[in-house]
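Colleague: Structure below; questions to follow.
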Amino acid sequence: MSSSTAFPGQSPLAETAPLSLCAREPHVPADRLVAEMVPPPRFDSVRFDTYVPDPNQPSQSEAVTVLAGFAAGLGGAHATGAGRRRWFSKKPAAPAGPRGVYLDGGYGVGKTHLLASLWHATPAEPSLKAFGTFVELTNLVGALGFQQTVRTLGGHRLLCIDEFELDDPGDTVLVSSLLSRLVEAGVALAATSNTLPGKLGEGRFAAADFLREIQGLSAHFRPLRIDGEDYRHRGLPEAPPPYDDEQVTRAAYATPGASLDDFPGLLDHLARVHPSRYGALTDDIGAVCLTGVTAVPDQSTALRLVVLADRLYDREVPVLASGLPFDQLFSDEMLNGGYRKKYFRAISRLTALARDAKGLVAQ
């Protein structure tokens with residue numbers, strides 16, 4: 001279908017064909033990776049006082065109090081640049097005890113909201129604070145190299161790591177070494193995950209050296225448990241069922257900035273784009289429209305889809321789809337395996353984005 005031909009039944013004004021994610025092959029320079037280490041657009045305006053604790057979950061109110069105090073205590077040397085000078089001293093002073101907080105809880109209890117609120121509340125210039133997912137942090141090391149990453153982040157006051165996950169022993173050793181160097185430089189740490197720091201990696205690897213690395217990581221954090229149910233489902237209607245191909249296609253043509261792709265084709269394309277570029281892949285996309293959603297065929301494909309779901313959720317991009325509902329994307333074997341928490345998070349986030357897309361379909 002050409003870009004100058006309106007979809008049948010459209011208004012004559014809507015003559016531009018939708019965009020295609022499969023036609024995009026973004027290249028992201030390393031300096032953009034650093035500059036974008038800030039809370040995603042969805043969390044631009046969140047603060048501790050916009051977090052609404054569940055009255056039946058006292059751990060949520062306690063988390064706000066603890067984190068607000070943690071932020072208030074971070075207005076020290078690095079905020080004035082002294083930390084950068086200390087980096088070049090021969091014997092940097094390592095702080096006693098844990099130099100970070102670790103937010104542990106289930107899906108949708110507001111961990112990222114609280115982590116972003118901590119970033120906003122910390123009294124330091126934005127250039128002295130970094131916020132990114134675990135995957136984005138490992139991608140940064142891949143782009144800059146280990147030593148340059150240490151130099152880049154070593155003068156920061158705070159590093160926030162969202163969705164802290166250890167998917168292979170190599171990443172475990174890499175991040176353990178990086179965080180140790182940053183703690184020595186005086187950088188405070190904060191992280192979220194669905195697993196306590198001493199339990200990361202359970203059900204995936206049993207190598208003794210891997211477990212030793214896990215124990216070393218956990219020493220950097222004070223665990224802060226946050227209980228509760230997924231707020232994305234709390235008091236909200238069920239996700240809308242999938243639409244048919246014609247409804248999705250019409251909505252794509254009628255929505256400015258929408259993309260339209262066949263789901264299996266998109267999965268193939270994701271294999272050719274590095275996950276560090278998935279954010280750029282969605283630049284300026286107003287809505288993602290997908291036809292023919294099917295079950296994900298294998299675990300490598302599933303993990304790439306998880307990263308894309310995270311980037312879409314961060315950017316609040318609605319997702320309209322035909323085919324299988326999102327809760328049938330992953331097999332029972334996947335949902336019961338070592339990466340189950342990633343898959344459940346992806347289902348939760350895609351379900352929320354499907355609700356956001358409901359208004360795109362003409363009634």
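Ligands are numbered from 1 in the order shown, residues from 1 within each chain, and chains are lettered A, B, ... in the order they appear in the structure tokens.
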Write out as a PyMOL selection string all residues of segment 97-340 of chain A that backbone DSSP assigns to alpha helix (DSSP H).

Modeller: chain A and resi 111-121+134-144+146-153+169-184+208-218+245-254+263-270+278-281+299-314+332-335+340

Colleague: Could those selected residues go to a file with C-alpha atoms, as an mmCIF file, in the first residue's frame?

Modeller:
data_model
loop_
_atom_site.group_PDB
_atom_site.id
_atom_site.type_symbol
_atom_site.label_atom_id
_atom_site.label_comp_id
_atom_site.auth_asym_id
_atom_site.auth_seq_id
_atom_site.Cartn_x
_atom_site.Cartn_y
_atom_site.Cartn_z
ATOM 1 C CA LYS A 111 8.944 0.464 42.513
ATOM 2 C CA THR A 112 9.939 2.443 39.418
ATOM 3 C CA HIS A 113 7.772 5.374 40.592
ATOM 4 C CA LEU A 114 9.685 5.375 43.886
ATOM 5 C CA LEU A 115 13.072 4.956 42.187
ATOM 6 C CA ALA A 116 12.362 7.896 39.863
ATOM 7 C CA SER A 117 11.120 9.930 42.830
ATOM 8 C CA LEU A 118 14.429 9.245 44.587
ATOM 9 C CA TRP A 119 16.300 10.471 41.494
ATOM 10 C CA HIS A 120 14.224 13.672 41.404
ATOM 11 C CA ALA A 121 14.547 14.260 45.173
ATOM 12 C CA PHE A 134 19.969 -3.015 34.095
ATOM 13 C CA VAL A 135 20.024 -3.726 30.359
ATOM 14 C CA GLU A 136 20.779 -0.072 29.580
ATOM 15 C CA LEU A 137 23.655 -0.128 32.081
ATOM 16 C CA THR A 138 25.249 -3.178 30.481
ATOM 17 C CA ASN A 139 24.717 -1.604 27.056
ATOM 18 C CA LEU A 140 26.506 1.524 28.266
ATOM 19 C CA VAL A 141 29.507 -0.565 29.292
ATOM 20 C CA GLY A 142 29.428 -2.219 25.896
ATOM 21 C CA ALA A 143 29.403 1.149 24.146
ATOM 22 C CA LEU A 144 31.976 2.995 26.291
ATOM 23 C CA PHE A 146 34.475 -0.664 31.332
ATOM 24 C CA GLN A 147 37.085 1.916 32.349
ATOM 25 C CA GLN A 148 35.368 4.776 30.540
ATOM 26 C CA THR A 149 32.059 3.835 32.167
ATOM 27 C CA VAL A 150 33.719 3.944 35.583
ATOM 28 C CA ARG A 151 35.171 7.369 34.768
ATOM 29 C CA THR A 152 31.818 8.604 33.418
ATOM 30 C CA LEU A 153 29.732 7.473 36.374
ATOM 31 C CA PRO A 169 27.305 -15.079 34.640
ATOM 32 C CA GLY A 170 29.167 -12.631 32.403
ATOM 33 C CA ASP A 171 26.764 -9.794 33.168
ATOM 34 C CA THR A 172 26.926 -10.693 36.858
ATOM 35 C CA VAL A 173 30.704 -10.352 37.008
ATOM 36 C CA LEU A 174 30.593 -7.190 34.902
ATOM 37 C CA VAL A 175 28.006 -5.389 37.029
ATOM 38 C CA SER A 176 29.504 -6.607 40.303
ATOM 39 C CA SER A 177 32.880 -5.171 39.302
ATOM 40 C CA LEU A 178 31.342 -1.921 38.066
ATOM 41 C CA LEU A 179 29.287 -1.330 41.204
ATOM 42 C CA SER A 180 32.245 -2.120 43.437
ATOM 43 C CA ARG A 181 34.327 0.508 41.652
ATOM 44 C CA LEU A 182 31.525 3.050 41.836
ATOM 45 C CA VAL A 183 30.934 2.436 45.545
ATOM 46 C CA GLU A 184 34.662 2.968 46.145
ATOM 47 C CA ALA A 208 29.761 -21.528 42.793
ATOM 48 C CA ASP A 209 31.572 -18.509 41.364
ATOM 49 C CA PHE A 210 28.228 -17.072 40.171
ATOM 50 C CA LEU A 211 26.774 -17.377 43.675
ATOM 51 C CA ARG A 212 29.849 -15.718 45.147
ATOM 52 C CA GLU A 213 29.307 -12.759 42.803
ATOM 53 C CA ILE A 214 25.669 -12.534 43.889
ATOM 54 C CA GLN A 215 26.690 -12.387 47.539
ATOM 55 C CA GLY A 216 29.145 -9.632 46.767
ATOM 56 C CA LEU A 217 26.476 -7.597 45.041
ATOM 57 C CA SER A 218 23.993 -7.948 47.867
ATOM 58 C CA ASP A 245 -6.776 -7.030 11.397
ATOM 59 C CA GLU A 246 -9.051 -4.532 9.660
ATOM 60 C CA GLN A 247 -9.775 -2.601 12.869
ATOM 61 C CA VAL A 248 -6.080 -2.402 13.711
ATOM 62 C CA THR A 249 -5.131 -1.304 10.199
ATOM 63 C CA ARG A 250 -7.841 1.375 10.077
ATOM 64 C CA ALA A 251 -6.735 2.702 13.461
ATOM 65 C CA ALA A 252 -3.118 2.854 12.276
ATOM 66 C CA TYR A 253 -4.091 4.965 9.274
ATOM 67 C CA ALA A 254 -6.279 7.225 11.391
ATOM 68 C CA PHE A 263 3.864 -9.257 14.574
ATOM 69 C CA PRO A 264 5.991 -12.175 13.297
ATOM 70 C CA GLY A 265 7.835 -9.768 10.989
ATOM 71 C CA LEU A 266 8.524 -7.431 13.908
ATOM 72 C CA LEU A 267 9.939 -10.291 15.982
ATOM 73 C CA ASP A 268 12.294 -11.125 13.116
ATOM 74 C CA HIS A 269 13.364 -7.485 12.861
ATOM 75 C CA LEU A 270 14.121 -7.263 16.588
ATOM 76 C CA TYR A 278 14.986 -0.361 20.931
ATOM 77 C CA GLY A 279 14.326 3.025 22.518
ATOM 78 C CA ALA A 280 15.480 4.793 19.367
ATOM 79 C CA LEU A 281 13.404 2.329 17.347
ATOM 80 C CA GLN A 299 13.192 -17.777 24.626
ATOM 81 C CA SER A 300 15.681 -15.545 22.777
ATOM 82 C CA THR A 301 12.814 -13.938 20.877
ATOM 83 C CA ALA A 302 10.804 -13.631 24.084
ATOM 84 C CA LEU A 303 13.607 -11.793 25.890
ATOM 85 C CA ARG A 304 13.929 -9.311 23.029
ATOM 86 C CA LEU A 305 10.182 -8.686 23.174
ATOM 87 C CA VAL A 306 10.474 -8.016 26.903
ATOM 88 C CA VAL A 307 12.984 -5.222 26.218
ATOM 89 C CA LEU A 308 10.734 -3.688 23.570
ATOM 90 C CA ALA A 309 7.756 -3.835 25.945
ATOM 91 C CA ASP A 310 9.813 -1.996 28.567
ATOM 92 C CA ARG A 311 10.785 0.759 26.129
ATOM 93 C CA LEU A 312 7.176 1.182 24.943
ATOM 94 C CA TYR A 313 5.924 1.312 28.511
ATOM 95 C CA ASP A 314 8.573 3.869 29.498
ATOM 96 C CA ASP A 332 3.721 -22.320 30.179
ATOM 97 C CA GLU A 333 7.311 -23.527 30.088
ATOM 98 C CA MET A 334 8.543 -19.930 29.785
ATOM 99 C CA LEU A 335 6.229 -18.682 32.524
ATOM 100 C CA ARG A 340 9.272 -15.893 34.409
#

Colleague: Which residues are close to Ser322 of chain A, i.e. within 6 Å by only C-alpha atoms, leaving aside same-chain residues fewer than 4 positions away? Reply as a ChimeraX atom specification.

Modeller: /A:242-245,291-293

Colleague: Using the selection just defined, write its residues with C-alpha atoms as a PDB file, in the first residue's frame.

Modeller:
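The result, written out as part_32.pdb:
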ATOM      1  CA  PRO A 242      -7.623  -8.223  20.609  1.00  0.00           C
ATOM      2  CA  TYR A 243      -9.226  -6.568  17.594  1.00  0.00           C
ATOM      3  CA  ASP A 244      -9.335  -7.920  14.058  1.00  0.00           C
ATOM      4  CA  ASP A 245      -6.776  -7.030  11.397  1.00  0.00           C
ATOM      5  CA  THR A 291      -1.490  -7.552  13.279  1.00  0.00           C
ATOM      6  CA  GLY A 292      -1.368 -11.306  13.712  1.00  0.00           C
ATOM      7  CA  VAL A 293      -0.018 -11.551  17.254  1.00  0.00           C
TER       8      VAL A 293
END

Colleague: Can you tell me which residues surround Leu224 of chain A at a distance of at most 7 Å, considering only C-alpha atoms, apart from same-chain residues fewer than 6 positions away, and format the answer as a PyMOL selection string?

Modeller: chain A and resi 63+101-104

Colleague: In Å, with one decimal, what is the gap from atom CA of Gly100 of chain A to atom CA of Ala191 of chain A?

Modeller: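 Between atom CA of Gly100 of chain A and atom CA of Ala191 of chain A the gap works out to 7.9 Å.
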
Colleague: May I ask which of the residues A:Glu316, A:Gly145, A:Thr351, A:Gly155 is the closest one to Asp44 of chain A, counting only C-alpha atoms?

Modeller: A:Glu316

Colleague: Out of A:Leu189, A:Leu360, A:Leu290, A:Ile226, which residue has the shortest atom-to-atom distance to Val64 of chain A when counting only C-alpha atoms?

Modeller: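 Result for the nearest residue to Val64 of chain A: A:Ile226.
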
Colleague: Go ahead and compute the interatomic distance for atom CA of Arg32 of chain A and atom CA of Ile161 of chain A, in Å to one decimal.

Modeller: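 These two atoms are separated by 17.6 Å.
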
Colleague: What's around Ile285 of chain A at 10 Å? Count only C-alpha atoms, leave out sequence neighbours fewer than 2 positions away in its own chain, and write the answer as an MDAnalysis selection string.

Modeller: chainID A and resid 18:21 256:259 280:283 287:288 312 315 317:318

Colleague: Quote the spacing between atom CA of Ala354 of chain A and atom CA of Pro325 of chain A in Å to one decimal place.

Modeller: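 Atom-to-atom, atom CA of Ala354 of chain A to atom CA of Pro325 of chain A, that is 9.6 Å.
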
Colleague: Find the residues near Asp227 of chain A: any atom within 8 Å, counting only C-alpha atoms, skip ones fewer than 2 places away on the same chain, and give them as a list in words.

Modeller: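 In the requested format, the answer is Gln57, Ser59, Gln60, Gly105, Gly106, Val109, Arg225 and Glu229 of chain A.
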
Colleague: For the residues in the current selection, export N, CA and C atoms as a PDB file, in the first residue's frame.

Modeller:
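Printed below is out-v5.pdb as written:
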ATOM      1  N   GLN A  57      -1.145  -1.975  52.884  1.00  0.00           N
ATOM      2  CA  GLN A  57       0.244  -2.421  52.733  1.00  0.00           C
ATOM      3  C   GLN A  57       1.176  -1.411  53.400  1.00  0.00           C
ATOM      4  N   SER A  59       4.143  -1.481  54.219  1.00  0.00           N
ATOM      5  CA  SER A  59       5.508  -1.419  53.685  1.00  0.00           C
ATOM      6  C   SER A  59       5.640  -0.346  52.615  1.00  0.00           C
ATOM      7  N   GLN A  60       4.543   0.011  51.959  1.00  0.00           N
ATOM      8  CA  GLN A  60       4.610   1.044  50.921  1.00  0.00           C
ATOM      9  C   GLN A  60       4.851   2.424  51.527  1.00  0.00           C
ATOM     10  N   GLY A 105       9.983  -6.171  45.321  1.00  0.00           N
ATOM     11  CA  GLY A 105       8.535  -6.329  45.374  1.00  0.00           C
ATOM     12  C   GLY A 105       8.011  -6.920  44.086  1.00  0.00           C
ATOM     13  N   GLY A 106       6.732  -7.191  44.058  1.00  0.00           N
ATOM     14  CA  GLY A 106       6.103  -7.777  42.891  1.00  0.00           C
ATOM     15  C   GLY A 106       5.877  -6.757  41.791  1.00  0.00           C
ATOM     16  N   VAL A 109       3.848  -2.577  41.955  1.00  0.00           N
ATOM     17  CA  VAL A 109       3.636  -1.990  43.285  1.00  0.00           C
ATOM     18  C   VAL A 109       4.212  -0.577  43.356  1.00  0.00           C
ATOM     19  N   ARG A 225      11.674  -4.089  51.341  1.00  0.00           N
ATOM     20  CA  ARG A 225      10.572  -4.852  50.779  1.00  0.00           C
ATOM     21  C   ARG A 225       9.339  -3.972  50.589  1.00  0.00           C
ATOM     22  N   GLU A 229      -0.407  -5.476  45.524  1.00  0.00           N
ATOM     23  CA  GLU A 229      -0.848  -6.037  44.261  1.00  0.00           C
ATOM     24  C   GLU A 229      -0.508  -5.089  43.121  1.00  0.00           C
TER      25      GLU A 229
END
